[in-house]
Amino acid sequence: MAARIEDYALVGDCRTAALISRDGSVDWLCWPRFDASACFAALLGTPEHGFWRLAPAAKHVETSRRYRDDTLILETRHATREGEVLVTDYMPICDGSHLIRLVEGVHGRVAMRMDLAIRFDYGSAVPWVSRSEWGNLRAISGPQKVLLRTQAHVWGSDQTTVSEFTVRAGESVAFTLSYAASHEDDPAPVEPRKMLFATDSFWRNWSRHCACGTPWDDILRRSLLTLKALIYAPTGGIVAAPTTSLPEQLGGVRNWDYRFCWLRDSTFTLLALMDAGFVEEARAWRDWLLRAVAGNPEQAHILYGIAGERLLPEIELDWLPGYEGSKPVRVGNAAMQQFQLDVYGEVFDALYQARRRGLASDATAWQVGLVLTDFLAKAWREPDEGIWEVRGGRKHFTHSKVMAWVAFDRAIRGYSESPDAPAAPIERWAQIRDRIHREVCEKGFDAELGSFVQYYGSKRLDASLLLIAHMGFLPQDDPRVVGTVAAIGKHLMRDGFVLRYDTEGQKTDGLPGGEGAFIPCSFWYADNLIGLGRREEARELIERLIGVCNDLGLVAEEYDVHAGRLVGNFPQAFTHVALVNTILNFALAQGPAQERSESSRRHRRSCG
């Protein structure tokens, strides 16, 4: 059985990432990319589906762990009755792809055991294992190859590679696992300590640019480091999470593949990176965005592969029992076929915010914007699947219409404010924008509830409505916004956490009821408290949300308030983005939410 989600740590090389449990087992690793098939898949099954455990052989072990300051280097200390060892896990940022595990004796002596079960293709393929001419262990299956290099004695046992050794104070033993295509030469060996120094330097040099001065600087830096780790360096695309099918409800069916790039993350990610001081990552993300959406706007998708791939068919892996029995296990994501109106607002807001924060204008971006607005001028009237990617049929979701308004609002401002922008039909866009605004206020607001509603004509609430003020659609102190915040706090709050919407007794999303509290929604609620001047309530909520992060500062998509456990894919980029933005909203005089809201208000005033 896999560990609890919160018991995992993340190490990565900005191309892929591994999850390592508190007891030293690598239970998830997709090589060579985030979206490749896993060679360790015990996270979604059993040890027979692949794992790599390195830990003391003793039964009674005291374990503590931490990241080296401002790095993604994991240090785990194991203390037994006879001594103590330090295990350092890291993935070097280099041309190759390696996972290195370094065992060092601290004091006394500790008997260690290593168990390595490589299973390619998500645990379904047992490789052919042999020794190279240099004594290295080589595992091959089809196009894939993994090499194990170590000075420790290893042997095979029941299709598992085993090593038993003792480490004394001052001694060290290294294990290096390297990936390559099976038809290529074996990857060149690397020197573990040299790679450790280089990896440490890379992360520290990156982290020193981080903004600081907030009440929560440590968790802010850790979230930004996590976001950096989830960026696929060759393209700039950021995956929603490095995992698939970690359930939104333990034992449930809401299990999705998040190893892809969602357009709607663009605005939030850009703001989080740029406002924290990381312009280059924001530029790379902007460039990925432009490449991904290029083409016929009617064929635009809501998510893409990390290199911009458009074909992401969803299939089920029936040989995997799922995390704690949560089936099915899915790879690929059928949501890419959906029409989600809100992503157009996210794209235009992302490009506008990037220019306002100093990123040079891009000629391609201007042209893409003209094509997209022409398509959106017709498409905004249509129902869609909405921000939550419902599978119960399209509706006129209020949040989607708000984001269509955002698209035209940002297009108008971008093309009218920038001297290098091409000619654009600003007056026509303004008419459409104002028409959308009137329609949303008429059809998306329920006077009896005193709140905006999930979709036109419904009585249901939705946490996405918390974004209305921060997108500049209405001022934060507008009675309709205040009423919406109050209604969501009253009806969607569960034990101090905000649900996306009430999944029980509804048919909107086409799935059985039951899921954890979607953590970003709680951060959005905190943003509204900040905007309303209720700072102490906001601080209390922020502290509560930070409290569900694990001991390393990592957090999943959702939180099961009844079980007191993290659920959903892990670590979740969107959650860490929300955490960063809310901390900046609280700490800065003009945080991301206030900045967007105030600039929209100023623009409305200037336009009469």
# chains A, B, ... in the order shown; residues from 1 in each chain; ligands from 1
>>> residues_around(residues="range 247-263 of chain A", least_positions_apart="2", cutoff="7 Å", atoms="only C-alpha atoms", output="number ranges by chain")
A: 34-35, 237-245, 265-266, 302-306, 324-333, 343, 346-347, 514-516, 558, 567-568
>>> write_last_selection(atoms="N, CA, C and O atoms", output="tab-separated table (two decimals), in the first residue's frame")
chain	number	residue	atom	x	y	z
A	34	PHE	N	7.59	14.48	-17.65
A	34	PHE	CA	6.47	14.39	-16.71
A	34	PHE	C	5.37	13.48	-17.24
A	34	PHE	O	4.75	12.74	-16.47
A	35	ASP	N	5.10	13.55	-18.55
A	35	ASP	CA	3.97	12.82	-19.11
A	35	ASP	C	4.35	11.49	-19.73
A	35	ASP	O	3.53	10.86	-20.41
A	237	GLY	N	6.39	25.09	-20.56
A	237	GLY	CA	5.07	24.66	-20.12
A	237	GLY	C	5.11	24.18	-18.69
A	237	GLY	O	6.07	23.55	-18.26
A	238	ILE	N	4.06	24.47	-17.92
A	238	ILE	CA	4.01	24.04	-16.52
A	238	ILE	C	2.89	23.03	-16.33
A	238	ILE	O	1.74	23.27	-16.71
A	239	VAL	N	3.25	21.87	-15.79
A	239	VAL	CA	2.24	20.83	-15.58
A	239	VAL	C	1.40	21.16	-14.35
A	239	VAL	O	1.88	21.76	-13.39
A	240	ALA	N	0.13	20.77	-14.39
A	240	ALA	CA	-0.74	21.01	-13.24
A	240	ALA	C	-0.27	20.22	-12.03
A	240	ALA	O	-0.41	20.68	-10.89
A	241	ALA	N	0.28	19.05	-12.25
A	241	ALA	CA	0.86	18.22	-11.20
A	241	ALA	C	1.70	17.14	-11.88
A	241	ALA	O	1.48	16.85	-13.06
A	242	PRO	N	2.63	16.54	-11.16
A	242	PRO	CA	3.46	15.49	-11.77
A	242	PRO	C	2.83	14.11	-11.69
A	242	PRO	O	3.47	13.12	-12.05
A	243	THR	N	1.58	14.02	-11.24
A	243	THR	CA	0.94	12.73	-11.01
A	243	THR	C	-0.36	12.60	-11.79
A	243	THR	O	-0.92	13.58	-12.28
A	244	THR	N	-0.83	11.38	-11.86
A	244	THR	CA	-2.16	11.11	-12.41
A	244	THR	C	-2.96	10.27	-11.43
A	244	THR	O	-2.40	9.46	-10.67
A	245	SER	N	-4.26	10.48	-11.40
A	245	SER	CA	-5.23	9.59	-10.75
A	245	SER	C	-5.13	9.51	-9.24
A	245	SER	O	-5.70	8.60	-8.64
A	265	ASP	N	-4.44	28.24	-16.16
A	265	ASP	CA	-3.42	28.49	-15.15
A	265	ASP	C	-2.52	29.66	-15.53
A	265	ASP	O	-1.75	30.15	-14.71
A	266	SER	N	-2.65	30.13	-16.79
A	266	SER	CA	-1.67	31.08	-17.31
A	266	SER	C	-1.63	32.39	-16.52
A	266	SER	O	-0.56	32.84	-16.12
A	302	ILE	N	-8.41	23.52	-24.18
A	302	ILE	CA	-8.26	24.09	-22.84
A	302	ILE	C	-6.97	23.62	-22.17
A	302	ILE	O	-6.51	24.23	-21.22
A	303	LEU	N	-6.40	22.52	-22.66
A	303	LEU	CA	-5.14	22.03	-22.14
A	303	LEU	C	-4.34	21.41	-23.27
A	303	LEU	O	-4.91	20.99	-24.29
A	304	TYR	N	-3.04	21.38	-23.05
A	304	TYR	CA	-2.12	20.85	-24.05
A	304	TYR	C	-1.05	20.03	-23.35
A	304	TYR	O	-0.86	20.12	-22.12
A	305	GLY	N	-0.32	19.25	-24.15
A	305	GLY	CA	0.84	18.56	-23.62
A	305	GLY	C	1.94	19.56	-23.30
A	305	GLY	O	1.88	20.73	-23.68
A	306	ILE	N	2.97	19.11	-22.61
A	306	ILE	CA	4.00	20.03	-22.14
A	306	ILE	C	4.81	20.64	-23.27
A	306	ILE	O	5.49	21.65	-23.06
A	324	GLU	N	-5.16	3.58	-2.92
A	324	GLU	CA	-6.10	3.11	-1.88
A	324	GLU	C	-7.41	2.66	-2.51
A	324	GLU	O	-8.51	2.95	-2.02
A	325	GLY	N	-7.30	1.94	-3.63
A	325	GLY	CA	-8.47	1.35	-4.28
A	325	GLY	C	-9.30	2.32	-5.08
A	325	GLY	O	-10.44	2.00	-5.45
A	326	SER	N	-8.75	3.48	-5.40
A	326	SER	CA	-9.50	4.49	-6.16
A	326	SER	C	-9.32	4.24	-7.65
A	326	SER	O	-8.28	4.55	-8.22
A	327	LYS	N	-10.33	3.66	-8.26
A	327	LYS	CA	-10.30	3.34	-9.68
A	327	LYS	C	-11.36	4.15	-10.40
A	327	LYS	O	-12.35	4.56	-9.78
A	328	PRO	N	-11.17	4.40	-11.70
A	328	PRO	CA	-10.08	3.90	-12.54
A	328	PRO	C	-8.83	4.76	-12.46
A	328	PRO	O	-8.89	5.91	-12.05
A	329	VAL	N	-7.72	4.17	-12.89
A	329	VAL	CA	-6.48	4.91	-13.09
A	329	VAL	C	-6.49	5.38	-14.55
A	329	VAL	O	-6.61	4.57	-15.47
A	330	ARG	N	-6.37	6.67	-14.76
A	330	ARG	CA	-6.47	7.24	-16.10
A	330	ARG	C	-5.13	7.86	-16.53
A	330	ARG	O	-4.43	8.47	-15.73
A	331	VAL	N	-4.82	7.74	-17.80
A	331	VAL	CA	-3.75	8.51	-18.42
A	331	VAL	C	-4.34	9.20	-19.64
A	331	VAL	O	-5.21	8.65	-20.32
A	332	GLY	N	-3.87	10.41	-19.90
A	332	GLY	CA	-4.53	11.25	-20.88
A	332	GLY	C	-5.71	11.94	-20.22
A	332	GLY	O	-6.08	11.63	-19.09
A	333	ASN	N	-6.31	12.91	-20.92
A	333	ASN	CA	-7.40	13.65	-20.30
A	333	ASN	C	-8.42	14.07	-21.36
A	333	ASN	O	-8.12	14.89	-22.24
A	343	VAL	N	-11.28	30.02	-20.66
A	343	VAL	CA	-9.86	30.01	-20.96
A	343	VAL	C	-9.47	31.19	-21.86
A	343	VAL	O	-8.32	31.65	-21.81
A	346	GLU	N	-8.65	33.93	-19.64
A	346	GLU	CA	-7.35	33.69	-19.00
A	346	GLU	C	-6.20	34.04	-19.94
A	346	GLU	O	-5.20	34.64	-19.54
A	347	VAL	N	-6.34	33.66	-21.21
A	347	VAL	CA	-5.28	33.93	-22.18
A	347	VAL	C	-5.08	35.44	-22.36
A	347	VAL	O	-3.95	35.95	-22.29
A	514	GLY	N	-19.27	13.72	-3.89
A	514	GLY	CA	-18.19	13.47	-2.96
A	514	GLY	C	-16.82	13.87	-3.47
A	514	GLY	O	-16.36	13.33	-4.47
A	515	GLU	N	-16.18	14.83	-2.80
A	515	GLU	CA	-14.81	15.20	-3.07
A	515	GLU	C	-14.32	16.04	-1.90
A	515	GLU	O	-15.11	16.49	-1.06
A	516	GLY	N	-13.02	16.26	-1.83
A	516	GLY	CA	-12.48	17.11	-0.80
A	516	GLY	C	-12.71	18.58	-1.10
A	516	GLY	O	-13.26	18.94	-2.14
A	558	GLU	N	-6.70	19.07	-3.15
A	558	GLU	CA	-7.84	19.15	-2.25
A	558	GLU	C	-7.48	18.64	-0.86
A	558	GLU	O	-6.42	18.04	-0.65
A	567	VAL	N	-5.90	15.12	-0.54
A	567	VAL	CA	-6.39	14.26	-1.62
A	567	VAL	C	-6.20	15.00	-2.94
A	567	VAL	O	-6.02	16.21	-2.98
A	568	GLY	N	-6.23	14.24	-4.02
A	568	GLY	CA	-6.01	14.82	-5.33
A	568	GLY	C	-4.55	14.80	-5.72
A	568	GLY	O	-3.68	14.41	-4.94
>>> residues_around(residues="Glu48 in chain A", least_positions_apart="3", cutoff="10 Å", atoms="only C-alpha atoms", output="list in words")
Phe40, Ala41, Ala42, Gly45, Phe51, Ala117, Ile118, Arg119, Gly123, Ser124, Val126, Gln159 and Thr160 of chain A
>>> closest_residue(among="A:Gly170, A:Pro143, A:Gly414, A:Gly12", to="Trp203 in chain A", atoms="only C-alpha atoms")
A:Gly12
>>> select_by_dssp(residues="range 124-170 of chain A", states="strand (DSSP E)", output="list in words")
Trp128, Val129, Ser130, Arg131, Leu137, Arg138, Ala139, Ile140, Ser141, Gln144, Lys145, Val146, Leu147, Leu148, Arg149, Thr150, Trp155, Gly156, Ser157, Thr160, Thr161, Val162, Ser163, Glu164, Phe165, Thr166, Val167 and Arg168 of chain A
>>> closest_residue(among="A:Cys521, A:Ala282, A:Ala407, A:Ala365", to="Ala463 in chain A", atoms="only C-alpha atoms")
A:Cys521
>>> residues_around(residues="Ala334 in chain A", least_positions_apart="4", cutoff="8 Å", atoms="only C-alpha atoms", output="list of chain:residue names")
A:Leu312, A:Pro313, A:Glu314, A:Gln338
